[in-house]
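Below is one structure, written out as structure tokens; the observations come after it.
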Amino acid sequence: MSELSAGFLDKIKRVKKMTDSQEEVEGAMTPLQLYERLNAQGEQVRCLKTAKAEKAEIDVAVQLLLKLKTDYKHLTGQDYKAGCPPPENVVNQDNGAATDGIDEEDNVDPWNVSTSNAKGVDYDKLIVRFGSSKIETELVDRIEKVTGQKPHRFLRRGIFFSHRDMHQVLDAYEKNKSFYLYTGRGPSSEAMHVGHLIPFIFTKWLQDVFDIPLVIQLTDDEKYLWKDLAIEECHRFAVENAKDIIACGFDVNKTFIFSDFDYMGSSPEFYRNVVKIQKHVTYNQVKGIFGFKDSDCIGKISFPAIQAAPSFSNSFPQIFGGRKDVQCLIPCAIDQDPYFRMTRDVAPRIGYPKPALLHSSFFPALQGAQTKMSASDANSSIFLTDTPKQIKNKINKHAFSGGKDTIEEHRKFGGNPDVDVSFMYLTFFLDDDEQLEKIKQDYSSGALLTGELKKILIETLQPMIAQHQERRKQVTEETVKQFMTPRPLNFKL
């Protein structure tokens with residue numbers, strides 16, 4: 001800031017004064033006044049970025065800009081465009097009702113995900129709200145350069161779209177300083193669905209291309225605290241889920257899978273880290289982060305420290321010895337980020353490095369992207385235990401379509417791949433970028449019908465799930481024991 005001209009600083013102050021003075025009358029603005037307010041707020045964001053202001057200050061300004069854009073759409077029924085003021089006497093014909101859900105904030109937390117927008121959660125807004133960073137093309141290209149491998153389709157297509165400190169991880173890796181991976185699964189049912197595979201598919205790719213160790217936490221204790229399940233049942237689900245995870249192809253020499261019920265009692269170092277974290281997070285903080293109520297059991301309130309502890313390398317002395325400086329990278333869905341915002345806040349206060357994160361978008365339910373796929377609703381999910389016939393029936397019967405009501409209308413106007421669940425699923429599982437783009441163009445033009453699109457998805461998922469089932473059959477109790485036994489792993493830091 002010291003290098004900025006006095007005139008530029010005055011400009012920031014004038015813009016800020018303008019936006020501050022208009023804050024009080026925002027609720028009673030005309031469309032033109034709100035348009036001018038948006039112009040001023042956009043200018044403030046640009047000034048702050050040019051001045052290289054603190055990230056927190058820029059984030060607050062961007063959040064207000066996004067809110068104003070939403071208010072403008074709500075008031076006028078039109079999207080805000082710089083240089084295009086609203087016409088006189090413009091009225092929102094929807095009388096304030098938002099047909100695409102943009103006026104309502106998406107609900108995203110570790111236990112619930114929902115939105116009223118047919119396209120799904122607004123991830124750009126979520127990045128601002130959570131304070132993470134968007135995975136830009138520059139970062140994807142850098143990962144390719146560092147690993148020497150073509151980026152995974154989840155990176156190429158923005159399925160993993162947000163990160164914290166990934167550049168820092170790559171900086172260290174380029175200096176021959178390795179890191180380890182940590183991801184997890186909350187075992188609430190015996191059978192996993194295809195959405196549960198997303199973090200594991202990507203984590204396996206990361207393990208392969210970086211050649212690094214991995215720890216996988218099965219939070220059977222969490223499911224006991226949150227669900228109406230017996231302890232024995234939760235632990236059995238953990239073991240069954242471990243078989244599906246192992247079937248993804250992880251290297252037993254570089255992977256440790258553990259149940260909280262098993263590992264907490266056998267690792268003093270892990271438990272000490274749990275207690276350290278608990279001491280540095282207040283009840284008010286945990287209520288604010290997770291929305292806990294006074295009626296929640298104390299187990300829920302203390303649980304976040306257990307999910308945080310694997311972020312620190314000395315929680316695994318059998319793997320890392322007494323080292324507490326090994327960087328951790330966590331691939332996970334973005335609804336898990338509140339746990340790790342808390343972890344990153346605590347880490348420097350207890351002498352540990354902050355974990356880095358890679359966030360994925362949500363795998364939508366068959367009924368549409370307004371919510372993620374759920375293991376508790378059989379018709380919202382394609383399970384890893386489903387037969388080819390069940391897969392076909394579920395997709396044909398339940399997969400939300402972006403097509404038109406009649407063949408004639410569809411041929412004329414085309415379908416909407418942005419809301420079509422079958423196309424969304426193909427973005428996750430169809431590896432060929434050119435084929436995916438052709439499907440998108442054909443569906444949008446009307447050349448490809450909804451039934452034909454569903455058929456492509458069925459023919460993609462049926463062999464993929466059959467192959468997974470075959471690999472799972474090869475996972476014996478002895479194999480599970482190997483993965484879940486605390487032991488040294490084969491790697492170089």
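Scheme for the structure tokens: letters A, B, ... for chains in order shown; per-chain residue numbers from 1; ligand numbers from 1 in order shown.
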Practice problem: Tell me which protein, DNA and RNA residues are within 10 Å of segment 330-334 of chain A, counting only C-alpha atoms, leaving out same-chain ones fewer than 6 positions away, and put them as a ChimeraX atom specification. | Solution: /A:108-110,123,126-127,130,132,159-164,180-185,196,198-200,202-203,206,214-215,310-311,340,355-363
Please produce an output containing N, CA and C atoms for each residue in the selection, written as a compact mmCIF listing (two decimals), in the first residue's frame.
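To be explicit, this is the file written out as result32.txt:
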# COMPACT_ATOMS: atom_id res chain seq x y z
N VAL A 108 -25.34 -25.58 2.93
CA VAL A 108 -24.23 -26.53 2.83
C VAL A 108 -23.55 -26.65 4.17
N ASP A 109 -23.65 -27.83 4.78
CA ASP A 109 -22.90 -28.12 5.99
C ASP A 109 -22.56 -29.61 5.96
N PRO A 110 -21.79 -30.12 6.94
CA PRO A 110 -21.36 -31.52 6.85
C PRO A 110 -22.47 -32.55 6.85
N TYR A 123 -21.23 -22.74 -6.77
CA TYR A 123 -19.92 -22.98 -6.16
C TYR A 123 -19.05 -21.73 -6.11
N LEU A 126 -20.02 -20.13 -3.04
CA LEU A 126 -19.57 -20.93 -1.90
C LEU A 126 -18.09 -20.69 -1.62
N ILE A 127 -17.31 -20.50 -2.67
CA ILE A 127 -15.88 -20.19 -2.50
C ILE A 127 -15.72 -18.90 -1.70
N PHE A 130 -16.92 -19.49 1.99
CA PHE A 130 -16.01 -20.29 2.79
C PHE A 130 -14.59 -19.72 2.84
N SER A 132 -12.23 -19.94 0.49
CA SER A 132 -11.21 -20.77 -0.16
C SER A 132 -10.80 -20.11 -1.48
N ILE A 159 -14.64 -30.50 -11.39
CA ILE A 159 -15.36 -31.23 -10.34
C ILE A 159 -14.67 -31.01 -9.00
N PHE A 160 -13.33 -31.05 -9.01
CA PHE A 160 -12.59 -30.50 -7.88
C PHE A 160 -12.29 -29.05 -8.27
N PHE A 161 -12.92 -28.12 -7.57
CA PHE A 161 -13.00 -26.74 -8.04
C PHE A 161 -12.39 -25.71 -7.09
N SER A 162 -12.06 -26.12 -5.88
CA SER A 162 -11.62 -25.17 -4.86
C SER A 162 -10.47 -25.77 -4.07
N HIS A 163 -9.62 -24.91 -3.50
CA HIS A 163 -8.49 -25.43 -2.74
C HIS A 163 -8.07 -24.46 -1.64
N ARG A 164 -7.27 -24.99 -0.75
CA ARG A 164 -6.57 -24.17 0.25
C ARG A 164 -5.10 -24.61 0.23
N TYR A 180 1.54 -36.08 2.78
CA TYR A 180 0.68 -37.27 2.82
C TYR A 180 -0.76 -36.87 2.59
N LEU A 181 -1.57 -37.84 2.21
CA LEU A 181 -2.99 -37.63 1.92
C LEU A 181 -3.85 -38.12 3.08
N TYR A 182 -4.95 -37.43 3.30
CA TYR A 182 -5.92 -37.85 4.31
C TYR A 182 -7.32 -37.60 3.75
N THR A 183 -8.12 -38.65 3.72
CA THR A 183 -9.53 -38.49 3.39
C THR A 183 -10.33 -39.45 4.26
N GLY A 184 -11.64 -39.50 4.08
CA GLY A 184 -12.42 -40.34 5.00
C GLY A 184 -13.81 -40.65 4.49
N ARG A 185 -14.52 -41.37 5.34
CA ARG A 185 -15.88 -41.82 5.01
C ARG A 185 -16.65 -42.01 6.31
N HIS A 196 -20.17 -41.74 -3.34
CA HIS A 196 -19.13 -41.93 -2.32
C HIS A 196 -17.77 -42.22 -2.94
N ILE A 198 -16.31 -40.68 -5.41
CA ILE A 198 -15.64 -39.52 -6.00
C ILE A 198 -14.34 -39.16 -5.27
N PRO A 199 -14.36 -38.93 -3.94
CA PRO A 199 -13.09 -38.58 -3.30
C PRO A 199 -12.06 -39.70 -3.36
N PHE A 200 -12.51 -40.96 -3.36
CA PHE A 200 -11.56 -42.08 -3.38
C PHE A 200 -10.94 -42.28 -4.76
N PHE A 202 -10.37 -39.92 -6.88
CA PHE A 202 -9.40 -38.83 -7.04
C PHE A 202 -8.20 -39.00 -6.12
N THR A 203 -8.44 -39.47 -4.90
CA THR A 203 -7.35 -39.67 -3.96
C THR A 203 -6.40 -40.75 -4.46
N LEU A 206 -4.17 -39.18 -6.96
CA LEU A 206 -3.15 -38.37 -6.29
C LEU A 206 -2.05 -39.25 -5.69
N LEU A 214 -1.08 -42.50 2.43
CA LEU A 214 -2.48 -42.09 2.58
C LEU A 214 -3.06 -42.68 3.86
N VAL A 215 -3.80 -41.86 4.60
CA VAL A 215 -4.59 -42.37 5.74
C VAL A 215 -6.07 -42.09 5.45
N PRO A 310 -6.35 -36.44 12.29
CA PRO A 310 -5.52 -37.07 11.24
C PRO A 310 -4.79 -36.06 10.36
N SER A 311 -5.11 -34.77 10.48
CA SER A 311 -4.44 -33.74 9.69
C SER A 311 -2.99 -33.52 10.14
N PHE A 340 -12.26 -28.45 8.65
CA PHE A 340 -10.85 -28.16 8.40
C PHE A 340 -10.54 -26.67 8.45
N PRO A 355 -3.25 -28.04 7.41
CA PRO A 355 -3.51 -28.95 6.29
C PRO A 355 -3.96 -28.17 5.05
N ALA A 356 -3.59 -28.65 3.88
CA ALA A 356 -4.09 -28.10 2.62
C ALA A 356 -5.31 -28.92 2.18
N LEU A 357 -6.15 -28.34 1.34
CA LEU A 357 -7.38 -29.03 0.92
C LEU A 357 -7.63 -28.89 -0.57
N LEU A 358 -8.28 -29.91 -1.13
CA LEU A 358 -8.85 -29.87 -2.47
C LEU A 358 -10.33 -30.23 -2.34
N HIS A 359 -11.21 -29.33 -2.76
CA HIS A 359 -12.65 -29.50 -2.56
C HIS A 359 -13.35 -29.97 -3.83
N SER A 360 -14.21 -30.96 -3.69
CA SER A 360 -15.02 -31.39 -4.83
C SER A 360 -16.44 -30.85 -4.72
N SER A 361 -17.09 -30.77 -5.87
CA SER A 361 -18.52 -30.46 -5.91
C SER A 361 -19.30 -31.70 -5.48
N PHE A 362 -20.61 -31.56 -5.38
CA PHE A 362 -21.44 -32.66 -4.89
C PHE A 362 -21.94 -33.53 -6.04
N PHE A 363 -22.08 -34.80 -5.74
CA PHE A 363 -22.66 -35.72 -6.71
C PHE A 363 -24.17 -35.68 -6.53
Practice problem: Might you pull out every residue within 8 Å of Phe423 of chain A, with only C-alpha atoms counted and same-chain residues fewer than 4 positions away left off, and present them as a ChimeraX atom specification? | Solution: /A:417-418,427,440,453,457
Practice problem: Find the residues near segment 282-289 of chain A: any atom within 8 Å, counting only C-alpha atoms, skip ones fewer than 4 places away on the same chain, and give them as an MDAnalysis selection string. | Solution: chainID A and resid 278 293 301 338 342
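Residue nearest Thr137 of chain A within the list A:Gly299, A:Gly186, A:Pro213, A:Pro151: A:Pro151 [criterion: smallest interatomic distance, only C-alpha atoms].
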Quiz item: When distances are computed from only C-alpha atoms, which of A:Asp124, A:Asp244, A:Asp325, A:Asp420 shows the smallest separation from Ala369 of chain A?
Solution: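 Counting only C-alpha atoms, the residue closest to Ala369 of chain A is A:Asp420.
Within segment 121-268 of chain A, the backbone-based DSSP assignment of strand (DSSP E) covers Ser133, Lys134, Phe160, Phe161, Ser162, His163, Arg164, Phe179, Tyr180, Leu181, Tyr182, Thr183, Gly184, Arg185, Leu214, Val215, Ile216, Gln217, Leu218, Thr255, Phe256, Ile257, Phe258 and Ser259 of chain A.
Picture a line from atom CA of Leu449 of chain A to atom CA of His410 of chain A; it runs 7.2 Å.
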Quiz item: From the list A:Ala365, A:Val326, A:Leu493, A:Ile257, which residue is nearest His193 of chain A when using only C-alpha atoms?
Solution: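 For His193 of chain A, the nearest of the candidates is A:Ala365.
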